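Colleague: Here's a structure for you.
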Amino acid sequence: QVQLVESGGGLVQAGGSLKLSCASSTIRFSANGVAWFRQRPGKEREWVATVAAGGATNYADSVNPRFHIWRDNAKNTVYLEMTSLKPEDTAIYYCNTVSRGRTYWGQGTQVTVSS
């Protein structure tokens with residue numbers, strides 16, 4: 001049963017922008033923090049940004065202030081807007097949440113930034 005669904009990835013030139021979405025029909029995001037992670041080629045998965053249940057946000061140094069995370073409660077969707085993209089942002093991006101003691105991951109969405 002798919003719990004988290006990411007979308008919005010694609011190919012973009014360096015300096016461009018993309019907006020990723022993470023939606024769920026079964027997990028209420030306003031009650032849980034939601035994070036974005038990424039896995040760059042040949043690297044371990046790394047944390048990118050989080051929006052807490054209360055709305056506070058945090059970012060990895062490598063993406064701050066280029067990336068912006070926010071939540072739309074009406075749509076139960078979390079977004080990650082990525083600007084000034086660099087080739088080193090190329091990765092599979094995953095959303096993540098913990099609900100009732102269980103950790104959930106989306107299937108990932110590929111972001112490729114060409115130089």
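Each chain in the structure tokens gets a letter, A, B, ..., in the order shown, and its residues are numbered from 1; ligands are numbered from 1 in order too.
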Using only C-alpha atoms, which protein or nucleic acid residues come within 10 Å of Gln3 of chain A? Drop anything in the same chain fewer than 5 positions from it, and give the result as a list in words.

Modeller: Ala23, Ser24, Ser25, Thr26, Ile27, Thr97, Tyr104, Trp105, Gly106 and Gln107 of chain A

Colleague: Just asking: which residues within segment 3-112 of chain A are strand (DSSP E) according to DSSP, as a PyMOL selection string?

Modeller: chain A and resi 5-7+10-13+18-23+34-39+45-51+57-59+67-72+77-82+91-99+102-105+109-112

Colleague: Could you pull out the helix (DSSP H, G or I) residues of chain A from DSSP and send them as a list of chain:residue names?

Modeller: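 So, restricting chain A to helix (DSSP H, G or I), we get A:Phe29, A:Ser30, A:Ala31, A:Pro87, A:Glu88, A:Asp89.
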
Colleague: Write out, as a PDB file, in the first residue's frame, the residues just selected, with N, CA and C atoms.

Modeller:
```
ATOM      1  N   PHE A  29      -0.403  14.975   7.214  1.00  0.00           N
ATOM      2  CA  PHE A  29       0.878  15.640   7.373  1.00  0.00           C
ATOM      3  C   PHE A  29       0.850  16.714   8.462  1.00  0.00           C
ATOM      4  N   SER A  30      -0.265  17.317   8.713  1.00  0.00           N
ATOM      5  CA  SER A  30      -0.322  18.369   9.723  1.00  0.00           C
ATOM      6  C   SER A  30      -0.086  17.821  11.134  1.00  0.00           C
ATOM      7  N   ALA A  31      -0.169  16.520  11.296  1.00  0.00           N
ATOM      8  CA  ALA A  31       0.062  15.893  12.594  1.00  0.00           C
ATOM      9  C   ALA A  31       1.473  15.333  12.720  1.00  0.00           C
ATOM     10  N   PRO A  87      24.564  21.278 -10.559  1.00  0.00           N
ATOM     11  CA  PRO A  87      24.739  19.874 -10.946  1.00  0.00           C
ATOM     12  C   PRO A  87      24.868  18.939  -9.745  1.00  0.00           C
ATOM     13  N   GLU A  88      25.433  19.420  -8.659  1.00  0.00           N
ATOM     14  CA  GLU A  88      25.578  18.565  -7.478  1.00  0.00           C
ATOM     15  C   GLU A  88      24.270  18.332  -6.739  1.00  0.00           C
ATOM     16  N   ASP A  89      23.194  18.986  -7.170  1.00  0.00           N
ATOM     17  CA  ASP A  89      21.865  18.683  -6.619  1.00  0.00           C
ATOM     18  C   ASP A  89      21.231  17.482  -7.301  1.00  0.00           C
TER      19      ASP A  89
END
```

Colleague: Using only C-alpha atoms for the distances, tell me which of A:Ile92, A:Gly16, A:Thr57, A:Ala49 is nearest to Ala35 of chain A.

Modeller: A:Ala49

Colleague: Would you pick out the contacts of Gly10 of chain A at 12 Å or less, using only C-alpha atoms, so that residues sharing its chain but fewer than 2 positions from it are not included, and give the list as a PyMOL selection string?

Modeller: chain A and resi 6-8+12-13+16-20+82+89-93+108-114

Colleague: Within 8 Å of Thr50 of chain A, counting only C-alpha atoms, which residues qualify if same-chain residues fewer than 3 places away don't, as JSON, numbers by chain?

Modeller: {"A": [33, 34, 35, 36, 57, 58, 59, 69]}

Colleague: Write a file of the just-selected residues containing C-alpha atoms, as a PDB file, in the first residue's frame.

Modeller:
```pdb
ATOM      1  CA  GLY A  33       6.800  16.296  10.494  1.00  0.00           C
ATOM      2  CA  VAL A  34       7.729  15.615   6.893  1.00  0.00           C
ATOM      3  CA  ALA A  35      11.261  15.587   5.568  1.00  0.00           C
ATOM      4  CA  TRP A  36      12.935  15.488   2.193  1.00  0.00           C
ATOM      5  CA  THR A  57      11.371  24.437   8.935  1.00  0.00           C
ATOM      6  CA  ASN A  58      14.999  23.389   8.845  1.00  0.00           C
ATOM      7  CA  TYR A  59      17.447  22.975   6.000  1.00  0.00           C
ATOM      8  CA  ILE A  69       9.850  23.553   2.105  1.00  0.00           C
TER       9      ILE A  69
END
```
